[in-house]
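Asker: Structure in structure tokens, see below.
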Amino acid sequence: MLDKNGIAKRIAQEVREGWYVNLGIGIPTLVANFIPEGMEVEFQSENGILGMGPFPMEGDEDADLINAGKQTITARPGAVYFDSATSFAMIRGQHVQLTVLGAMEVAQNGDIANWKIPGKMVKGMGGAMDLVASAENIIVAMMHANRAGASKLLSTCSLPLTGVGCVKRVVTNLAVLDIKDGAFHLVERAPGVTVESIVEATAGTLIVPDYVPEMRID
Amino acid sequence: MAITKSVNGPEAACDGVKSGMTLMLGGFGLCGIPECSIAELVKRGVDDLTCISNNAGVDDFGLGLLLQKRQIRKMISSYVGENDEFERQMLSGELEVDLIPQGSLAERCRAGGAGIPAFYTPAGFGTEVAEGKEVRDFNGKPHILESALTADFAFVKAWKGDAAGNLVFKATARNFNPMMAMAGTITVAEVEELVPLGTLSPNEIHTPGIFVQRIFQGAHYDKRIEQRTVQTR
């Protein structure tokens with residue numbers, strides 16, 4: 001089974017040279033830590049920076065330089081700042097090659113829910129609806145089950161949707177799954193995790209091929 | 001000769017703000033918020049306000065200060081997660097809240113300032129956000145019609161500015177400020193440094209002064225950090 005860093009490491013393997021990548025809050029943010037040294041990749045944060053770097057050294061933090069999670073960050077050489085309309089032009093206009101975000105629920109038709117639990121939690125969608133409506137390549141990073149132990153991979157989402165039919169790939173603590181033809185397809189299993197336990201933890205329709213390789217995580 | 005926009009301070013800048021008005025306030029989280037104007041609005045006690053702002057501050061800073069005093073009737077935002085008082089007022093029904101996708105919020109402000117009454121966007125199709133909105137297919141993909149936003153007053157914060165109202169922002173403190181500056185009937189810009197005319201390079205101005213009606217240099221900036229994340233040396 002993977003921890004949060006393990007999920008981020010596996011997703012980092014999806015990133016290709018020359019890509020602009022938007023990372024959401026939580027596990028997705030960790031992906032930046034596992035990009036191979038020397039690979040030309042730029043991180044976009046929707047509050048208005050391209051070329052986001054690591055957290056600043058203690059004492060160098062700047063209140064005017066944050067990411068979408070409101071964390072203090074740094075800017076890499078070649079970075080650029082811009083306003084929110086320009087930022088979402090990059091996103092809606094499909095100039096960003098990969099979006100990685102978290103989810104509360106994902107359905108087998110690619111629907112995603114991650115912004116509201118009616119009557120309980122309403123934080124807002126932030127940029128998630130714009131991101132999922134436009135991105136060609138969306139990977140969801142999340143735990144396979146919620147805190148109550150219920151599967152987050154469902155036949156249909158029960159929570160208010162963030163986007164419809166948009167998720168292509170899900171990486172969880174148990175597996176890598178693709179979404180196509182209205183079903184989850186098991187692609188890889190996490191180290192030490194059996195196919196049976198993934199089947200059991202997945203509430204939606206899951207297609208399991210004859211051979212399911214184990215993820216290679218260093 | 002340049003048209004001069006400078007006023008003495010937040011009191012003069014907020015002249016004419018009345019209860020029941022619609023205000024825009026720049027900033028993302030606590031980054032790039034018009035601190036001095038918010039303090040003045042709290043002092044004036046204007047209420048029944050509709051506030052358009054990406055976030056709602058935190059309990060004791062930013063728009064949280066106006067929420068504490070119950071000066072806001074309605075919020076139009078994209079993300080309001082870090083404010084307990086906000087959540088309480090919203091769940092109890094005291095506060096009306098319109099949550100809209102962040103990119104749509106930015107574009108609606110931009111459109112409001114640019115004379116574009118409405119536009120189609122894919123964001124929110126198939127979700128609660130699309131309820132009651134016109135849907136139309138372009139290139140085989142469904143889009144929803146979103147309308148422009150404008151405000152009686154827009155309050156923005158910049159790093160540097162001049163008496164002509166030209167503004168330069170710093171780093172990610174730019175965020176919603178330029179679009180909101182465009183969309184205000186009266187746009188009030190507060191700056192950390194009001195520099196003499198001619199000091200800012202015309203090549204490097206982010207917001208042209210035509211969008212700004214009043215400008216002043218703030219006396220003091222707290223610039224609070226919401227999530228201080230650092231590497232240890």
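Quick note on naming: the chains in the structure tokens go A, B, ... in the order shown, residues restart at 1 in each chain, and ligands are numbered from 1 in order of appearance.
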Could you list, as a PDB file with N, CA, C and O atoms, in the first residue's frame, every residue within 8 Å of Gly69 (chain A), counting only C-alpha atoms and ignoring same-chain residues fewer than 6 positions away?
Answerer:
ATOM      1  N   GLY A  24      -3.057  20.415  -7.777  1.00  0.00           N
ATOM      2  CA  GLY A  24      -4.040  20.854  -6.790  1.00  0.00           C
ATOM      3  C   GLY A  24      -3.484  20.796  -5.380  1.00  0.00           C
ATOM      4  O   GLY A  24      -2.323  20.462  -5.150  1.00  0.00           O
ATOM      5  N   ILE A  25      -4.362  21.099  -4.435  1.00  0.00           N
ATOM      6  CA  ILE A  25      -3.976  21.155  -3.024  1.00  0.00           C
ATOM      7  C   ILE A  25      -3.968  19.744  -2.434  1.00  0.00           C
ATOM      8  O   ILE A  25      -4.771  18.903  -2.821  1.00  0.00           O
TER       9      ILE A  25
ATOM     10  N   GLN B 227      -0.436  30.265   5.286  1.00  0.00           N
ATOM     11  CA  GLN B 227       0.245  28.977   5.443  1.00  0.00           C
ATOM     12  C   GLN B 227       1.746  29.221   5.287  1.00  0.00           C
ATOM     13  O   GLN B 227       2.241  29.273   4.172  1.00  0.00           O
TER      14      GLN B 227
END
Asker: When you look at region 174-179 of chain B with a cut-off of 8 Å (counting only C-alpha atoms), what residues show up, excluding the ones that are within fewer than 4 positions of it in the same chain? I need them as a PyMOL selection string.
Answerer: (chain A and resi 47-48+81-85) or (chain B and resi 25-28+32+54+106-107+109-110+113+156-158+169-170+183+206-207)
Asker: Using only C-alpha atoms, find each residue in chain A having at least one atom no more than 7 Å away from chain B; report its shortest atom-to-atom pair and that distance in Å (one decimal), rows by chain then rising number, as a Markdown table.
Answerer:
| residue | atom | partner | partner_atom | distance |
| --- | --- | --- | --- | --- |
| A:Asn47 | CA | B:Asn175 | CA | 5.8 |
| A:Gly48 | CA | B:Thr172 | CA | 5.5 |
| A:Ile49 | CA | B:Thr172 | CA | 6.6 |
| A:Phe55 | CA | B:Val230 | CA | 5.0 |
| A:Pro56 | CA | B:Val230 | CA | 5.0 |
| A:Met57 | CA | B:Gln231 | CA | 4.7 |
| A:Glu58 | CA | B:Val230 | CA | 5.2 |
| A:Ala63 | CA | B:Ile225 | CA | 5.3 |
| A:Asp64 | CA | B:Ala173 | CA | 5.1 |
| A:Leu65 | CA | B:Thr172 | CA | 5.2 |
| A:Ile66 | CA | B:Thr172 | CA | 6.4 |
| A:Lys70 | CA | B:Gln227 | CA | 5.7 |
| A:Gln71 | CA | B:Gln227 | CA | 4.6 |
| A:Thr72 | CA | B:Thr229 | CA | 5.4 |
| A:Tyr81 | CA | B:Ala171 | CA | 5.7 |
| A:Phe82 | CA | B:Arg174 | CA | 6.8 |
| A:Asp83 | CA | B:Asn175 | CA | 4.4 |
| A:Ser84 | CA | B:Asn175 | CA | 4.8 |
| A:Ala85 | CA | B:Ala106 | CA | 5.1 |
| A:Phe88 | CA | B:Gly103 | CA | 5.2 |
| A:Gly119 | CA | B:Leu91 | CA | 7.0 |
| A:Lys123 | CA | B:Gly81 | CA | 4.3 |
| A:Gly124 | CA | B:Tyr79 | CA | 4.3 |
| A:Met125 | CA | B:Ser78 | CA | 6.0 |
| A:Gly126 | CA | B:Ser78 | CA | 4.7 |
| A:Gly127 | CA | B:Gln102 | CA | 4.6 |
| A:Met129 | CA | B:Ala123 | CA | 5.3 |
| A:Asp130 | CA | B:Ala123 | CA | 4.5 |
| A:Ala133 | CA | B:Ala123 | CA | 5.1 |
| A:Ser134 | CA | B:Pro122 | CA | 6.9 |
| A:Pro160 | CA | B:Thr127 | CA | 6.9 |
| A:Leu161 | CA | B:Thr127 | CA | 5.3 |
| A:Thr162 | CA | B:Thr127 | CA | 6.2 |
| A:Gly163 | CA | B:Gly124 | CA | 6.5 |
| A:Val164 | CA | B:Gly126 | CA | 6.2 |
Asker: I want to know what sits within 8 Å of region 131-133 of chain B, based on only C-alpha atoms, with residues of the same chain fewer than 6 positions away left out; could you give that as a list in words?
Answerer: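 So the residues in contact are Ile144, Leu145 and Glu146 of chain B.
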Asker: Write out as a PyMOL selection string which residues come within 10 Å of Arg16 (chain A) when counting only C-alpha atoms, dropping same-chain ones fewer than 6 positions away.
Answerer: chain A and resi 35+39-41+97-98
Asker: For the atom pair CA of Ser155 (chain A) and CA of Glu188 (chain A), what is the interatomic distance in Å to one decimal place?
Answerer: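 Those two atoms sit 20.2 Å apart.
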Asker: Enter the distance from CA of Leu101 (chain A) to CA of His185 (chain A), in Å, rounded to one decimal.
Answerer: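 Interatomic distance here is 19.4 Å.
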Asker: Select from region 8-223 of chain B everything DSSP, run on the backbone, classes as helix (DSSP H, G or I), then give the selection as a ChimeraX atom specification.
Answerer: /B:10-13,35-44,64-68,84-91,102-114,128-130,171-173,177-183,202-204,209-211
Asker: What is the CA of Thr199 (chain B)-CA of Cys14 (chain B) distance in Å, reported with one decimal?
Answerer: 26.4 Å
Asker: List the spatial neighbours of Asp60 (chain B) as number ranges by chain - criterion: any atom at most 10 Å away, only C-alpha atoms, same-chain residues fewer than 5 positions off excluded.
Answerer: B: 65-68, 83, 85
Asker: Name the residues in contact with Asn114 (chain A) at a cut-off of 7 Å, using only C-alpha atoms, excluding same-chain residues fewer than 5 positions from it; report them as a list in words.
Answerer: Ala103, Met104, Glu105 and Thr162 of chain A
